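One file, model-v7.cif, is given below (mmCIF, C-alpha atoms).
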data_coords
#
loop_
_atom_site.group_PDB
_atom_site.id
_atom_site.type_symbol
_atom_site.label_atom_id
_atom_site.label_comp_id
_atom_site.auth_asym_id
_atom_site.auth_seq_id
_atom_site.Cartn_x
_atom_site.Cartn_y
_atom_site.Cartn_z
ATOM 1 C CA MET A 1 0.000 0.000 0.000
ATOM 2 C CA ALA A 2 2.800 2.445 0.893
ATOM 3 C CA GLN A 3 4.316 2.163 -2.592
ATOM 4 C CA GLU A 4 1.150 2.919 -4.536
ATOM 5 C CA ALA A 5 1.628 6.014 -6.670
ATOM 6 C CA ILE A 6 -0.292 9.158 -5.839
ATOM 7 C CA PRO A 7 -2.191 10.213 -8.968
ATOM 8 C CA ALA A 8 -0.691 13.291 -10.629
ATOM 9 C CA PRO A 9 -2.900 16.390 -10.919
ATOM 10 C CA THR A 10 -4.231 16.812 -14.468
ATOM 11 C CA LEU A 11 -5.598 19.762 -16.438
ATOM 12 C CA PHE A 12 -6.832 19.640 -20.076
ATOM 13 C CA GLY A 13 -5.010 16.343 -20.730
ATOM 14 C CA TRP A 14 -1.705 17.474 -19.184
ATOM 15 C CA SER A 15 -0.361 15.999 -15.951
ATOM 16 C CA LEU A 16 2.287 17.185 -13.500
ATOM 17 C CA ASP A 17 5.341 14.902 -13.668
ATOM 18 C CA SER A 18 7.665 16.761 -11.306
ATOM 19 C CA ALA A 19 8.499 20.118 -9.780
ATOM 20 C CA ARG A 20 11.692 21.426 -8.207
ATOM 21 C CA ALA A 21 13.010 24.663 -6.734
ATOM 22 C CA GLY A 22 16.443 25.754 -5.611
ATOM 23 C CA VAL A 23 19.083 28.448 -5.424
ATOM 24 C CA ARG A 24 22.295 28.592 -7.430
ATOM 25 C CA TYR A 25 25.304 30.881 -7.199
ATOM 26 C CA ALA A 26 26.075 32.166 -10.691
ATOM 27 C CA PRO A 27 27.498 35.154 -12.617
ATOM 28 C CA ASP A 28 25.398 38.331 -12.822
ATOM 29 C CA TYR A 29 25.372 37.875 -16.616
ATOM 30 C CA ILE A 30 27.168 35.585 -19.076
ATOM 31 C CA GLY A 31 30.882 36.292 -18.781
ATOM 32 C CA SER A 32 30.709 38.351 -15.564
ATOM 33 C CA ASP A 33 33.220 37.873 -12.751
ATOM 34 C CA ASP A 34 30.639 39.100 -10.205
ATOM 35 C CA TYR A 35 28.437 36.369 -8.714
ATOM 36 C CA GLN A 36 25.129 36.397 -6.867
ATOM 37 C CA PRO A 37 22.481 33.876 -5.785
ATOM 38 C CA TRP A 38 19.655 33.154 -8.259
ATOM 39 C CA PHE A 39 16.412 31.272 -7.714
ATOM 40 C CA THR A 40 15.922 28.345 -10.058
ATOM 41 C CA GLY A 41 13.315 25.673 -10.597
ATOM 42 C CA ALA A 42 11.344 23.585 -13.024
ATOM 43 C CA VAL A 43 7.845 22.290 -13.547
ATOM 44 C CA VAL A 44 7.558 19.275 -15.874
ATOM 45 C CA LEU A 45 4.164 18.627 -17.504
ATOM 46 C CA SER A 46 3.343 15.850 -19.960
ATOM 47 C CA ARG A 47 0.406 14.699 -22.079
ATOM 48 C CA HIS A 48 -1.351 11.453 -21.198
ATOM 49 C CA ASP A 49 -0.655 10.018 -24.672
ATOM 50 C CA ALA A 50 3.087 10.828 -24.542
ATOM 51 C CA ALA A 51 5.970 8.624 -23.460
ATOM 52 C CA PRO A 52 7.368 9.229 -19.970
ATOM 53 C CA VAL A 53 9.507 12.362 -19.763
ATOM 54 C CA PRO A 54 13.191 11.649 -19.086
ATOM 55 C CA SER A 55 15.128 14.040 -16.866
ATOM 56 C CA GLY A 56 16.322 17.307 -18.350
ATOM 57 C CA ALA A 57 19.402 19.404 -17.653
ATOM 58 C CA PRO A 58 19.397 21.918 -14.775
ATOM 59 C CA ASP A 59 19.988 24.812 -17.189
ATOM 60 C CA ASP A 60 17.129 23.950 -19.561
ATOM 61 C CA GLY A 61 14.851 26.888 -20.215
ATOM 62 C CA VAL A 62 11.082 26.739 -20.126
ATOM 63 C CA SER A 63 9.861 24.371 -22.808
ATOM 64 C CA LEU A 64 6.535 23.002 -23.965
ATOM 65 C CA GLY A 65 6.709 19.817 -26.026
ATOM 66 C CA LEU A 66 4.095 19.891 -28.779
ATOM 67 C CA PHE A 67 5.253 17.247 -31.258
ATOM 68 C CA GLY A 68 6.543 13.703 -30.903
ATOM 69 C CA THR A 69 6.046 10.960 -28.358
ATOM 70 C CA GLY A 70 9.220 8.914 -28.866
ATOM 71 C CA PRO A 71 12.912 9.721 -28.949
ATOM 72 C CA LEU A 72 12.341 12.803 -31.152
ATOM 73 C CA THR A 73 10.291 15.678 -29.707
ATOM 74 C CA ALA A 74 9.889 19.362 -30.526
ATOM 75 C CA GLY A 75 8.040 22.383 -29.229
ATOM 76 C CA LEU A 76 8.297 25.909 -27.842
ATOM 77 C CA ALA A 77 11.191 27.145 -25.696
ATOM 78 C CA GLY A 78 11.795 30.249 -23.617
ATOM 79 C CA ARG A 79 14.371 31.701 -21.270
ATOM 80 C CA TRP A 80 15.024 34.799 -19.163
ATOM 81 C CA ARG A 81 18.384 36.564 -19.565
ATOM 82 C CA SER A 82 19.429 38.998 -16.865
ATOM 83 C CA SER A 83 20.501 42.561 -17.572
ATOM 84 C CA ARG A 84 24.097 43.675 -18.110
ATOM 85 C CA ASP A 85 25.318 47.057 -16.887
ATOM 86 C CA ASN A 86 27.932 49.179 -18.624
ATOM 87 C CA ASP A 87 30.502 49.192 -15.819
ATOM 88 C CA ASN A 88 34.287 49.168 -15.752
ATOM 89 C CA ASP A 89 34.363 45.441 -16.556
ATOM 90 C CA LEU A 90 32.762 46.077 -19.953
ATOM 91 C CA ALA A 91 34.108 49.455 -21.048
ATOM 92 C CA GLY A 92 32.778 50.229 -24.518
ATOM 93 C CA PHE A 93 29.809 47.856 -24.338
ATOM 94 C CA ASP A 94 26.252 49.121 -24.072
ATOM 95 C CA LYS A 95 23.934 48.340 -21.174
ATOM 96 C CA ILE A 96 21.421 45.571 -21.941
ATOM 97 C CA ASP A 97 18.125 45.278 -20.077
ATOM 98 C CA GLY A 98 16.689 41.962 -18.948
ATOM 99 C CA THR A 99 15.362 39.982 -21.897
ATOM 100 C CA VAL A 100 12.778 37.308 -22.607
ATOM 101 C CA GLU A 101 14.015 34.898 -25.267
ATOM 102 C CA ALA A 102 11.354 32.862 -27.083
ATOM 103 C CA GLY A 103 11.712 30.224 -29.780
ATOM 104 C CA VAL A 104 11.633 26.507 -30.540
ATOM 105 C CA PHE A 105 13.492 23.360 -29.485
ATOM 106 C CA VAL A 106 14.161 19.838 -30.770
ATOM 107 C CA ASN A 107 15.188 16.949 -28.474
ATOM 108 C CA TRP A 108 16.606 13.661 -29.697
ATOM 109 C CA TRP A 109 17.167 10.934 -27.141
ATOM 110 C CA ALA A 110 19.834 8.842 -28.897
ATOM 111 C CA ALA A 111 19.977 6.549 -25.830
ATOM 112 C CA ASP A 112 18.380 6.495 -22.379
ATOM 113 C CA TRP A 113 21.414 8.399 -21.072
ATOM 114 C CA LEU A 114 22.158 10.678 -24.089
ATOM 115 C CA ARG A 115 20.010 13.629 -25.127
ATOM 116 C CA LEU A 116 20.887 16.003 -27.963
ATOM 117 C CA ARG A 117 18.977 19.291 -27.792
ATOM 118 C CA ALA A 118 18.914 22.271 -30.137
ATOM 119 C CA GLU A 119 17.176 25.568 -29.418
ATOM 120 C CA ALA A 120 16.649 28.666 -31.552
ATOM 121 C CA ARG A 121 15.511 31.664 -29.477
ATOM 122 C CA HIS A 122 15.039 35.357 -30.279
ATOM 123 C CA GLY A 123 15.292 38.142 -27.688
ATOM 124 C CA PHE A 124 12.428 40.535 -26.936
ATOM 125 C CA GLY A 125 12.984 43.534 -24.670
ATOM 126 C CA GLY A 126 16.635 43.977 -23.713
ATOM 127 C CA HIS A 127 18.095 42.668 -26.971
ATOM 128 C CA ASP A 128 16.690 41.614 -30.323
ATOM 129 C CA SER A 129 19.262 39.012 -31.330
ATOM 130 C CA TRP A 130 19.023 35.279 -32.028
#

What's the structure tokens form of this structure?
Amino acid sequence: MAQEAIPAPTLFGWSLDSARAGVRYAPDYIGSDDYQPWFTGAVVLSRHDAAPVPSGAPDDGVSLGLFGTGPLTAGLAGRWRSSRDNDNDLAGFDKIDGTVEAGVFVNWWAADWLRLRAEARHGFGGHDSW
């Protein structure tokens, strides 16, 4: 009885597979030598008709799988990029505001232990680059 699974909450055919939260100590922005704590976490949802979701990497952005139920999946991806000030560390570079990056992803699970992932994201807000 103690090992019976608790049913996952479901909404519109999607169920909650896992959720995590934590804190990491990381650079203020990519390439910075100044570090600070950042909150991190993940919520993994899956469709009832899809294969079980393998674990992802801790630095995966937000993603919503829309296509595929086997080793090849694809969908929407997003990520938040923190701002970058124009301080003495980056003389000559412009300040960049925080940015939402939105795009698409493709996952290919070549083996149970090997995932290849590609993302193409475009910035909206602080930068407008790919």

Show me, as a VMD selection string, the residues that have an atom within 9 Å of stretch 16-32 of chain A when counting only C-alpha atoms, minus same-chain residues fewer than 2 positions from it. chain A and resid 8 to 11 14 34 to 46 52 to 53 81 to 84 89

Tell me which residues the PyMOL selection byres ((chain A and resi 116) around 12) grabs here, as a list in words. Gly56, Ala57, Pro71, Leu72, Thr73, Ala74, Phe105, Val106, Asn107, Trp108, Trp109, Ala110, Ala111, Asp112, Trp113, Leu114, Arg115, Arg117, Ala118 and Glu119 of chain A

Which distance in Å separates atom CA of A:Gly123 and atom CA of A:Ile96, to one decimal? 11.2 Å

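One finds atom CA of A:Val100 at 15.7 Å from atom CA of A:Leu64.
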
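Here atom CA of A:Gly78 is placed at a distance of 29.0 Å from atom CA of A:Gly92.
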
Decode the PyMOL selection byres ((chain A and resi 101) around 12) for the given file into explicit residues and return them as a compact mmCIF listing (two decimals) with C-alpha atoms, keeping the file's coordinate frame.
# COMPACT_ATOMS: atom_id res chain seq x y z
CA GLY A 61 14.85 26.89 -20.22
CA VAL A 62 11.08 26.74 -20.13
CA SER A 63 9.86 24.37 -22.81
CA LEU A 76 8.30 25.91 -27.84
CA ALA A 77 11.19 27.14 -25.70
CA GLY A 78 11.80 30.25 -23.62
CA ARG A 79 14.37 31.70 -21.27
CA TRP A 80 15.02 34.80 -19.16
CA ARG A 81 18.38 36.56 -19.57
CA SER A 82 19.43 39.00 -16.86
CA GLY A 98 16.69 41.96 -18.95
CA THR A 99 15.36 39.98 -21.90
CA VAL A 100 12.78 37.31 -22.61
CA ALA A 102 11.35 32.86 -27.08
CA GLY A 103 11.71 30.22 -29.78
CA VAL A 104 11.63 26.51 -30.54
CA GLU A 119 17.18 25.57 -29.42
CA ALA A 120 16.65 28.67 -31.55
CA ARG A 121 15.51 31.66 -29.48
CA HIS A 122 15.04 35.36 -30.28
CA GLY A 123 15.29 38.14 -27.69
CA PHE A 124 12.43 40.53 -26.94
CA GLY A 125 12.98 43.53 -24.67
CA GLY A 126 16.64 43.98 -23.71
CA HIS A 127 18.10 42.67 -26.97
CA ASP A 128 16.69 41.61 -30.32
CA SER A 129 19.26 39.01 -31.33
CA TRP A 130 19.02 35.28 -32.03

Would you place a box with edges along x, y and z of the file around all atoms of stretch 116-130 of chain A listed there, add 5 Å to each of its six sides, and report the centre and edge lengths in Å to one decimal, as JSON?
{"center_x": 16.7, "center_y": 30.0, "center_z": -27.9, "size_x": 18.5, "size_y": 38.0, "size_z": 18.3}
